[in-house]
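Data from input-v7.cif: mmCIF, C-alpha atoms and all ligand atoms
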data_run
loop_
_atom_site.group_PDB
_atom_site.id
_atom_site.type_symbol
_atom_site.label_atom_id
_atom_site.label_comp_id
_atom_site.auth_asym_id
_atom_site.auth_seq_id
_atom_site.Cartn_x
_atom_site.Cartn_y
_atom_site.Cartn_z
ATOM 1 C CA MET M 1 17.041 -34.729 -13.641
ATOM 2 C CA ARG M 2 13.852 -36.309 -12.249
ATOM 3 C CA ILE M 3 14.142 -34.149 -9.125
ATOM 4 C CA THR M 4 14.527 -31.016 -11.258
ATOM 5 C CA LYS M 5 11.432 -31.937 -13.279
ATOM 6 C CA LEU M 6 9.492 -32.563 -10.094
ATOM 7 C CA LEU M 7 10.573 -29.196 -8.692
ATOM 8 C CA ILE M 8 9.490 -27.408 -11.862
ATOM 9 C CA ILE M 9 6.068 -29.081 -11.709
ATOM 10 C CA LEU M 10 5.791 -28.264 -8.006
ATOM 11 C CA LEU M 11 6.700 -24.622 -8.578
ATOM 12 C CA ALA M 12 4.330 -24.310 -11.521
ATOM 13 C CA THR M 13 1.561 -25.582 -9.243
ATOM 14 C CA LEU M 14 2.492 -23.501 -6.224
ATOM 15 C CA PHE M 15 2.741 -20.252 -8.137
ATOM 16 C CA CYS M 16 -0.361 -20.749 -10.260
ATOM 17 C CA THR M 17 -2.112 -17.992 -8.306
ATOM 18 C CA THR M 18 0.729 -15.519 -8.504
ATOM 19 C CA GLY M 19 1.466 -15.539 -12.220
ATOM 20 C CA ARG M 20 0.785 -11.842 -12.565
ATOM 21 C CA ALA M 21 1.872 -10.844 -9.095
ATOM 22 C CA TRP M 22 4.797 -8.566 -8.307
ATOM 23 C CA VAL M 23 8.095 -10.379 -7.932
ATOM 24 C CA TYR M 24 10.794 -9.243 -5.473
ATOM 25 C CA PRO M 25 12.552 -6.694 -7.729
ATOM 26 C CA GLU M 26 9.195 -5.189 -8.714
ATOM 27 C CA HIS M 27 8.102 -4.823 -5.075
ATOM 28 C CA ARG M 28 11.475 -3.199 -4.323
ATOM 29 C CA ASP M 29 11.316 -0.887 -7.348
ATOM 30 C CA ILE M 30 7.802 0.294 -6.407
ATOM 31 C CA THR M 31 8.996 1.233 -2.919
ATOM 32 C CA LEU M 32 12.202 2.749 -4.311
ATOM 33 C CA ALA M 33 10.202 4.953 -6.694
ATOM 34 C CA ALA M 34 7.790 5.950 -3.914
ATOM 35 C CA ILE M 35 10.682 7.036 -1.684
ATOM 36 C CA GLN M 36 12.381 8.915 -4.531
ATOM 37 C CA LYS M 37 9.152 10.816 -5.208
ATOM 38 C CA LEU M 38 8.701 12.005 -1.621
ATOM 39 C CA ASP M 39 8.906 15.774 -1.231
ATOM 40 C CA SER M 40 12.115 17.016 0.382
ATOM 41 C CA ALA M 41 10.624 17.492 3.863
ATOM 42 C CA ARG M 42 9.124 13.993 4.028
ATOM 43 C CA ARG M 43 12.265 12.475 2.517
ATOM 44 C CA ALA M 44 14.408 14.175 5.158
ATOM 45 C CA GLN M 45 12.092 12.822 7.864
ATOM 46 C CA LEU M 46 12.291 9.276 6.443
ATOM 47 C CA ASP M 47 16.092 9.540 6.218
ATOM 48 C CA ARG M 48 16.207 10.570 9.877
ATOM 49 C CA LEU M 49 14.000 7.639 10.872
ATOM 50 C CA TRP M 50 16.131 5.216 8.841
ATOM 51 C CA THR M 51 19.331 6.497 10.457
ATOM 52 C CA LEU M 52 17.756 5.880 13.864
ATOM 53 C CA ALA M 53 16.382 2.471 12.862
ATOM 54 C CA ARG M 54 19.666 1.048 11.494
ATOM 55 C CA LYS M 55 21.595 1.991 14.644
ATOM 56 C CA GLY M 56 23.333 -1.171 15.805
ATOM 57 C CA TYR M 57 22.554 -2.961 12.534
ATOM 58 C CA GLU M 58 24.872 -1.002 10.246
ATOM 59 C CA TRP M 59 26.508 -4.297 9.158
ATOM 60 C CA ARG M 60 23.237 -5.360 7.470
ATOM 61 C CA LEU M 61 21.138 -2.231 6.834
ATOM 62 C CA ASP M 62 22.234 0.068 4.002
ATOM 63 C CA VAL M 63 23.302 3.601 4.826
ATOM 64 C CA LEU M 64 20.750 4.720 2.213
ATOM 65 C CA VAL M 65 17.046 4.223 2.852
ATOM 66 C CA ALA M 66 16.632 3.541 -0.886
ATOM 67 C CA ASP M 67 19.800 2.557 -2.735
ATOM 68 C CA ALA M 68 19.138 2.923 -6.481
ATOM 69 C CA THR M 69 22.647 1.672 -7.315
ATOM 70 C CA GLN M 70 22.244 -1.692 -5.583
ATOM 71 C CA GLY M 71 22.823 -4.646 -7.900
ATOM 72 C CA GLU M 72 24.091 -8.232 -7.692
ATOM 73 C CA HIS M 73 25.845 -9.535 -4.569
ATOM 74 C CA PRO M 74 24.464 -6.853 -2.235
ATOM 75 C CA LYS M 75 26.186 -6.621 1.143
ATOM 76 C CA TYR M 76 23.421 -4.530 2.685
ATOM 77 C CA LEU M 77 19.634 -4.283 2.555
ATOM 78 C CA ASP M 78 17.868 -0.938 2.206
ATOM 79 C CA TYR M 79 14.346 -0.056 3.348
ATOM 80 C CA ALA M 80 13.063 -0.409 -0.220
ATOM 81 C CA ALA M 81 13.820 -4.146 0.079
ATOM 82 C CA PHE M 82 11.655 -4.567 3.187
ATOM 83 C CA PRO M 83 8.248 -4.769 1.386
ATOM 84 C CA ALA M 84 9.792 -7.239 -1.093
ATOM 85 C CA ILE M 85 10.906 -9.480 1.775
ATOM 86 C CA ALA M 86 7.560 -9.041 3.559
ATOM 87 C CA GLY M 87 4.950 -11.671 2.799
ATOM 88 C CA ASP M 88 6.963 -13.614 0.227
ATOM 89 C CA HIS M 89 10.055 -14.218 2.380
ATOM 90 C CA SER M 90 8.556 -13.805 5.859
ATOM 91 C CA THR M 91 5.269 -14.396 7.621
ATOM 92 C CA SER M 92 4.977 -11.335 9.883
ATOM 93 C CA ALA M 93 6.703 -8.010 10.492
ATOM 94 C CA ASP M 94 8.525 -9.643 13.383
ATOM 95 C CA ASN M 95 9.613 -12.618 11.256
ATOM 96 C CA MET M 96 10.634 -10.229 8.451
ATOM 97 C CA LEU M 97 13.005 -8.352 10.757
ATOM 98 C CA TYR M 98 14.427 -11.630 12.045
ATOM 99 C CA ASN M 99 15.118 -12.820 8.509
ATOM 100 C CA ILE M 100 16.655 -9.470 7.537
ATOM 101 C CA LEU M 101 18.859 -9.112 10.603
ATOM 102 C CA GLN M 102 19.592 -12.663 11.706
ATOM 103 C CA THR M 103 19.924 -14.820 8.580
ATOM 104 C CA ASP M 104 22.555 -15.066 5.851
ATOM 105 C CA TRP M 105 20.206 -16.544 3.249
ATOM 106 C CA ILE M 106 18.333 -13.252 2.890
ATOM 107 C CA LEU M 107 21.375 -11.755 1.109
ATOM 108 C CA LYS M 108 21.280 -14.700 -1.324
ATOM 109 C CA VAL M 109 17.613 -13.849 -1.964
ATOM 110 C CA ALA M 110 18.595 -10.222 -2.656
ATOM 111 C CA ASP M 111 21.317 -11.416 -5.041
ATOM 112 C CA ILE M 112 19.069 -13.897 -6.895
ATOM 113 C CA THR M 113 16.358 -11.302 -7.335
ATOM 114 C CA ALA M 114 18.833 -8.621 -8.450
ATOM 115 C CA ARG M 115 19.870 -11.014 -11.223
ATOM 116 C CA LEU M 116 16.192 -11.684 -11.962
ATOM 117 C CA LYS M 117 15.666 -7.947 -12.449
ATOM 118 C CA ILE M 118 18.481 -7.834 -15.010
ATOM 119 C CA GLY M 119 17.124 -10.945 -16.755
ATOM 120 C CA LEU M 120 13.593 -9.571 -16.948
ATOM 121 C CA ALA M 121 14.881 -6.238 -18.285
ATOM 122 C CA ASN M 122 16.783 -8.063 -21.039
ATOM 123 C CA SER M 123 13.958 -10.490 -21.926
ATOM 124 C CA LYS M 124 12.924 -10.269 -25.570
ATOM 125 C CA ASN M 125 9.640 -12.174 -25.261
ATOM 126 C CA THR M 126 7.249 -13.891 -22.827
ATOM 127 C CA SER M 127 9.078 -17.190 -23.135
ATOM 128 C CA GLU M 128 12.382 -15.670 -22.014
ATOM 129 C CA ARG M 129 10.619 -13.828 -19.195
ATOM 130 C CA GLU M 130 8.985 -17.067 -17.984
ATOM 131 C CA SER M 131 12.339 -18.815 -18.182
ATOM 132 C CA TYR M 132 14.024 -16.194 -15.967
ATOM 133 C CA LEU M 133 11.131 -16.389 -13.497
ATOM 134 C CA ARG M 134 11.302 -20.204 -13.241
ATOM 135 C CA ASP M 135 15.097 -20.117 -12.915
ATOM 136 C CA SER M 136 14.795 -17.514 -10.165
ATOM 137 C CA ASP M 137 12.132 -19.574 -8.346
ATOM 138 C CA LEU M 138 14.397 -22.628 -8.371
ATOM 139 C CA ARG M 139 17.296 -20.590 -6.956
ATOM 140 C CA LEU M 140 15.022 -19.044 -4.310
ATOM 141 C CA LEU M 141 13.828 -22.506 -3.394
ATOM 142 C CA ARG M 142 17.404 -23.444 -2.543
ATOM 143 C CA ALA M 143 18.209 -20.156 -0.765
ATOM 144 C CA ASP M 144 15.088 -19.568 1.347
ATOM 145 C CA PRO M 145 14.229 -22.598 3.527
ATOM 146 C CA GLU M 146 10.554 -21.637 3.887
ATOM 147 C CA TYR M 147 9.905 -20.430 0.326
ATOM 148 C CA VAL M 148 7.671 -23.301 -0.752
ATOM 149 C CA SER M 149 5.632 -23.530 2.428
ATOM 150 C CA ARG M 150 4.902 -19.777 2.287
ATOM 151 C CA ALA M 151 4.025 -19.869 -1.406
ATOM 152 C CA GLY M 152 1.761 -22.847 -0.806
ATOM 153 C CA SER M 153 -0.403 -20.843 1.609
ATOM 154 C CA ASN M 154 -0.991 -17.498 -0.033
ATOM 155 C CA ASN M 155 -4.649 -16.489 0.334
ATOM 156 C CA VAL M 156 -3.571 -13.545 2.446
ATOM 157 C CA HIS M 157 -2.077 -11.903 -0.655
ATOM 158 C CA PHE M 158 -5.506 -11.737 -2.315
ATOM 159 C CA MET M 159 -8.529 -9.474 -2.088
ATOM 160 C CA LEU M 160 -11.661 -10.875 -0.512
ATOM 161 C CA ALA M 161 -14.287 -11.470 -3.197
ATOM 162 C CA ARG M 162 -17.191 -9.018 -3.282
ATOM 163 C CA THR M 163 -20.451 -10.716 -2.395
ATOM 164 C CA GLY M 164 -22.323 -8.903 -5.167
ATOM 165 C CA VAL M 165 -21.806 -6.469 -8.022
ATOM 166 C CA ASN M 166 -23.672 -3.745 -6.132
ATOM 167 C CA THR M 167 -21.617 -4.033 -2.941
ATOM 168 C CA SER M 168 -20.484 -0.525 -1.957
ATOM 169 C CA ALA M 169 -16.862 0.261 -1.112
ATOM 170 C CA ARG M 170 -17.825 0.937 2.518
ATOM 171 C CA THR M 171 -19.625 -2.409 2.857
ATOM 172 C CA TYR M 172 -16.768 -4.210 1.106
ATOM 173 C CA PHE M 173 -14.030 -2.742 3.318
ATOM 174 C CA ASP M 174 -16.113 -3.390 6.448
ATOM 175 C CA SER M 175 -16.432 -7.024 5.351
ATOM 176 C CA CYS M 176 -12.629 -7.353 5.161
ATOM 177 C CA PHE M 177 -12.361 -6.808 8.938
ATOM 178 C CA ARG M 178 -15.474 -8.727 9.994
ATOM 179 C CA GLU M 179 -14.986 -11.166 12.868
ATOM 180 C CA GLY M 180 -14.361 -14.665 11.542
ATOM 181 C CA VAL M 181 -13.611 -13.504 7.989
ATOM 182 C CA GLU M 182 -10.826 -15.265 6.115
ATOM 183 C CA VAL M 183 -7.475 -13.473 6.379
ATOM 184 C CA ASN M 184 -7.243 -11.248 3.312
ATOM 185 C CA LEU M 185 -5.140 -8.561 1.641
ATOM 186 C CA ILE M 186 -7.082 -5.469 2.776
ATOM 187 C CA GLY M 187 -7.423 -6.715 6.343
ATOM 188 C CA THR M 188 -3.719 -7.556 6.539
ATOM 189 C CA TYR M 189 -2.657 -4.175 5.136
ATOM 190 C CA ASN M 190 -4.863 -2.388 7.648
ATOM 191 C CA TRP M 191 -3.607 -4.472 10.582
ATOM 192 C CA PHE M 192 0.085 -3.756 10.062
ATOM 193 C CA HIS M 193 -0.426 -0.141 8.900
ATOM 194 C CA THR M 194 -2.492 0.605 12.021
ATOM 195 C CA SER M 195 0.152 -1.050 14.163
ATOM 196 C CA ALA M 196 2.798 1.202 12.536
ATOM 197 C CA LEU M 197 0.686 4.316 13.197
ATOM 198 C CA LEU M 198 0.231 3.389 16.859
ATOM 199 C CA LYS M 199 3.979 2.907 17.230
ATOM 200 C CA ALA M 200 4.609 6.240 15.462
ATOM 201 C CA LYS M 201 2.298 7.883 17.988
ATOM 202 C CA ARG M 202 4.410 6.438 20.783
ATOM 203 C CA LEU M 203 7.563 7.737 19.102
ATOM 204 C CA ALA M 204 6.071 11.213 19.030
ATOM 205 C CA SER M 205 4.711 11.261 22.559
ATOM 206 C CA GLU M 206 6.801 9.074 24.877
ATOM 207 C CA THR M 207 10.044 9.785 26.658
ATOM 208 C CA LEU M 208 12.439 7.083 25.495
ATOM 209 C CA THR M 209 16.122 6.294 25.896
ATOM 210 C CA PRO M 210 18.173 6.501 22.659
ATOM 211 C CA ASP M 211 18.215 2.682 22.386
ATOM 212 C CA GLN M 212 14.470 2.446 22.959
ATOM 213 C CA ARG M 213 13.866 5.155 20.352
ATOM 214 C CA SER M 214 15.983 3.260 17.798
ATOM 215 C CA ALA M 215 14.212 -0.030 18.514
ATOM 216 C CA LEU M 216 10.762 1.540 18.310
ATOM 217 C CA THR M 217 11.664 3.338 15.062
ATOM 218 C CA LEU M 218 12.846 0.086 13.480
ATOM 219 C CA ALA M 219 9.677 -1.676 14.667
ATOM 220 C CA THR M 220 7.509 1.129 13.251
ATOM 221 C CA LEU M 221 9.225 1.017 9.855
ATOM 222 C CA ALA M 222 9.035 -2.791 9.816
ATOM 223 C CA ASP M 223 5.276 -2.813 10.435
ATOM 224 C CA GLU M 224 4.708 -0.220 7.719
ATOM 225 C CA ALA M 225 6.933 -2.099 5.247
ATOM 226 C CA PHE M 226 5.047 -5.326 5.928
ATOM 227 C CA ALA M 227 1.768 -3.461 5.300
ATOM 228 C CA LEU M 228 3.166 -1.932 2.092
ATOM 229 C CA HIS M 229 3.754 -5.379 0.566
ATOM 230 C CA PHE M 230 0.002 -5.972 0.637
ATOM 231 C CA LEU M 231 -0.881 -2.460 -0.532
ATOM 232 C CA GLU M 232 1.390 -3.060 -3.549
ATOM 233 C CA ASP M 233 -0.191 -6.475 -4.125
ATOM 234 C CA ALA M 234 -3.604 -4.787 -4.313
ATOM 235 C CA PHE M 235 -2.504 -3.078 -7.526
ATOM 236 C CA SER M 236 -1.229 -6.259 -9.207
ATOM 237 C CA SER M 237 -3.566 -7.765 -11.807
ATOM 238 C CA GLY M 238 -2.868 -11.264 -10.482
ATOM 239 C CA HIS M 239 -4.274 -10.328 -7.094
ATOM 240 C CA VAL M 240 -7.593 -8.934 -8.308
ATOM 241 C CA ALA M 241 -9.215 -12.388 -8.199
ATOM 242 C CA GLY M 242 -11.122 -12.556 -4.944
ATOM 243 C CA ILE M 243 -10.719 -15.241 -2.326
ATOM 244 C CA GLY M 244 -13.617 -17.644 -2.580
ATOM 245 C CA GLU M 245 -14.514 -21.290 -2.619
ATOM 246 C CA THR M 246 -14.494 -21.352 -6.405
ATOM 247 C CA ARG M 247 -10.934 -20.079 -6.763
ATOM 248 C CA PRO M 248 -9.053 -23.191 -7.894
ATOM 249 C CA CYS M 249 -5.849 -22.628 -5.976
ATOM 250 C CA ALA M 250 -7.297 -21.230 -2.744
ATOM 251 C CA ARG M 251 -5.250 -22.167 0.292
ATOM 252 C CA ALA M 252 -5.032 -21.298 3.958
ATOM 253 C CA PRO M 253 -2.971 -18.222 4.889
ATOM 254 C CA THR M 254 0.399 -18.399 6.673
ATOM 255 C CA ILE M 255 0.716 -14.767 7.714
ATOM 256 C CA THR M 256 0.672 -14.304 11.468
ATOM 257 C CA MET M 257 -0.603 -10.992 12.771
ATOM 258 C CA MET M 258 2.576 -10.378 14.705
ATOM 259 C CA SER M 259 3.821 -6.837 14.402
ATOM 260 C CA THR M 260 7.230 -5.954 15.705
ATOM 261 C CA ASP M 261 7.969 -4.937 19.254
ATOM 262 C CA LEU M 262 11.634 -5.965 19.661
ATOM 263 C CA LYS M 263 12.862 -4.990 23.140
ATOM 264 C CA LEU M 264 10.435 -2.179 23.648
ATOM 265 C CA PRO M 265 9.217 -0.661 26.866
ATOM 266 C CA PRO M 266 5.709 -1.757 27.868
ATOM 267 C CA GLY M 267 2.920 0.307 26.439
ATOM 268 C CA LYS M 268 -0.401 0.163 24.725
ATOM 269 C CA VAL M 269 1.107 -0.540 21.306
ATOM 270 C CA ASN M 270 2.620 -3.795 22.493
ATOM 271 C CA GLU M 271 -0.875 -4.957 23.379
ATOM 272 C CA TRP M 272 -1.973 -4.425 19.794
ATOM 273 C CA CYS M 273 -1.281 -8.033 18.967
HETATM 274 ZN ZN ZN T 1 2.310 -10.736 -2.018
#
What would the structure in this file look like if it were written as structure tokens?
Amino acid sequence: MRITKLLIILLATLFCTTGRAWVYPEHRDITLAAIQKLDSARRAQLDRLWTLARKGYEWRLDVLVADATQGEHPKYLDYAAFPAIAGDHSTSADNMLYNILQTDWILKVADITARLKIGLANSKNTSERESYLRDSDLRLLRADPEYVSRAGSNNVHFMLARTGVNTSARTYFDSCFREGVEVNLIGTYNWFHTSALLKAKRLASETLTPDQRSALTLATLADEAFALHFLEDAFSSGHVAGIGETRPCARAPTITMMSTDLKLPPGKVNEWC
């Protein structure tokens, strides 16, 4: 009982900055809705890329890029789950793919969060909602070995504070990439999104073997999914608070700027990180 109380206190402290942040099922639902709303041409293109990307990983990656019917005890992970796993259950695009493809605990995370989605949907008030969230956090703590250490270092999920009320958008965005600046949400999104675009350029221009094309497609989608986590975070009210010395729960970031290269042929993109 004492250990449970301690864990609850620890979790309440660790997640004090993410109280109004997206949780796993919300991240997944946002991506799911975005995919469902693609026009038919773009959807067909994404489906083709997903088919290429899951080649050799059919035992873990869902046949559907976005599986709206997925519920408890999932046997597969779809692409909509990638941004939910990014950031909160992995520290880089490379680490995200490792956790998705090489660990068993990630399916437990998908199961726990599927049940959280049902609980949140059935919640009648804030108290019930908080209860489901705390219960889910405790289960995730047991399933994901790095959950606490990642949650304890989460500055990267937050916007950099503006230096003044008159700071223009251009000046603000430039400041997010300035040399020596603290790792931040906008900078992280841009890093992984740019890495995905560079890989996509290679896909479109290089002569690759079928295996190389599959690996590069998976790496491209992984980088973009990791970027999407932070783009989604940018529209969460809990992430509006800027990183700064006065933020009470400010901590060092754990995200490593390691995009995915898998077993890819040498090329400029692999030099990106
Ligand atoms: Zn986040």
Selection result of the PyMOL selection byres (((not hetatm)) within 6 of (chain T and resi 1)) on this file, as a ChimeraX atom specification: /M:87-88,157,230,233
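Taking atom CA of M:Thr51 and atom CA of M:Ser214 as the two end points, the separation is 8.7 Å.
Among the candidates M:Val23, M:Leu120, M:Met96, M:Leu46, the one nearest to M:Ala227 when counting all atoms listed in the file is M:Met96.
Across M:Ala44, M:Met159, M:Ala225, M:Leu52, the tightest approach to M:Ala196 is made by M:Ala225 when counting all atoms listed in the file.
Of the listed residues (M:Lys124, M:Gln70, M:Tyr79, M:Asp94), M:Gln70 comes nearest to M:Asp111; the distances count all atoms listed in the file.
In this comparison, which uses only C-alpha atoms, the residue of M:Ala53, M:Ile100, M:Ala222, M:Ala21 approaching M:His193 most closely is M:Ala222.
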I need the residue set behind the PyMOL selection byres (((chain M and resi 134-146) around 8) and not hetatm) for this file; please write it as a PDB file with C-alpha atoms, in the frame of the given file.
ATOM      1  CA  LEU M   7      10.573 -29.196  -8.692  1.00  0.00           C
ATOM      2  CA  ILE M   8       9.490 -27.408 -11.862  1.00  0.00           C
ATOM      3  CA  LEU M  11       6.700 -24.622  -8.578  1.00  0.00           C
ATOM      4  CA  HIS M  89      10.055 -14.218   2.380  1.00  0.00           C
ATOM      5  CA  TRP M 105      20.206 -16.544   3.249  1.00  0.00           C
ATOM      6  CA  ILE M 106      18.333 -13.252   2.890  1.00  0.00           C
ATOM      7  CA  LYS M 108      21.280 -14.700  -1.324  1.00  0.00           C
ATOM      8  CA  VAL M 109      17.613 -13.849  -1.964  1.00  0.00           C
ATOM      9  CA  ILE M 112      19.069 -13.897  -6.895  1.00  0.00           C
ATOM     10  CA  THR M 113      16.358 -11.302  -7.335  1.00  0.00           C
ATOM     11  CA  LEU M 116      16.192 -11.684 -11.962  1.00  0.00           C
ATOM     12  CA  GLU M 130       8.985 -17.067 -17.984  1.00  0.00           C
ATOM     13  CA  SER M 131      12.339 -18.815 -18.182  1.00  0.00           C
ATOM     14  CA  TYR M 132      14.024 -16.194 -15.967  1.00  0.00           C
ATOM     15  CA  LEU M 133      11.131 -16.389 -13.497  1.00  0.00           C
ATOM     16  CA  TYR M 147       9.905 -20.430   0.326  1.00  0.00           C
ATOM     17  CA  VAL M 148       7.671 -23.301  -0.752  1.00  0.00           C
ATOM     18  CA  SER M 149       5.632 -23.530   2.428  1.00  0.00           C
ATOM     19  CA  ARG M 150       4.902 -19.777   2.287  1.00  0.00           C
TER      20      ARG M 150
END
Residue contacts of M:Ala81 (8 Å, only C-alpha atoms) excluding same-chain residues fewer than 3 positions away, as a list in words: His27, Arg28, Thr31, Leu77, Asp78, Ala84 and Ile85 of chain M
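In this comparison, which uses only C-alpha atoms, the residue of M:Phe226, M:Trp22, M:Phe177, M:Tyr57 approaching M:Ala86 most closely is M:Phe226.
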Evaluate the PyMOL selection byres (((chain M and resi 66) around 7) and not hetatm) and report residues as number ranges by chain: M: 32, 35, 64-65, 67-68, 78-80
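Going from atom CA of M:Arg162 to atom CA of M:Ser175 covers 8.9 Å.
Coordinates place atom CA of M:Glu232 at a distance of 21.5 Å from atom CA of M:Arg115.
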Return the padded bounding box of stretch 182-200 of chain M as lines of an AutoDock Vina configuration file: axis-aligned, built from all atoms listed in the file, 3 Å added on each side, with centre and edge lengths in Å to one decimal.
center_x = -3.1
center_y = -4.5
center_z = 9.4
size_x = 21.4
size_y = 27.5
size_z = 21.6
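Ranking M:Asp211, M:Ala33, M:Pro83, M:Gly238 by their shortest atom-to-atom distance to M:Tyr189, with only C-alpha atoms included, puts M:Pro83 first.
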Protein and nucleic acid residues near (-6.2, -4.2, 3.8) (cut-off 8 Å, all atoms listed in the file) as a ChimeraX atom specification: /M:173,176,184-191,230-231
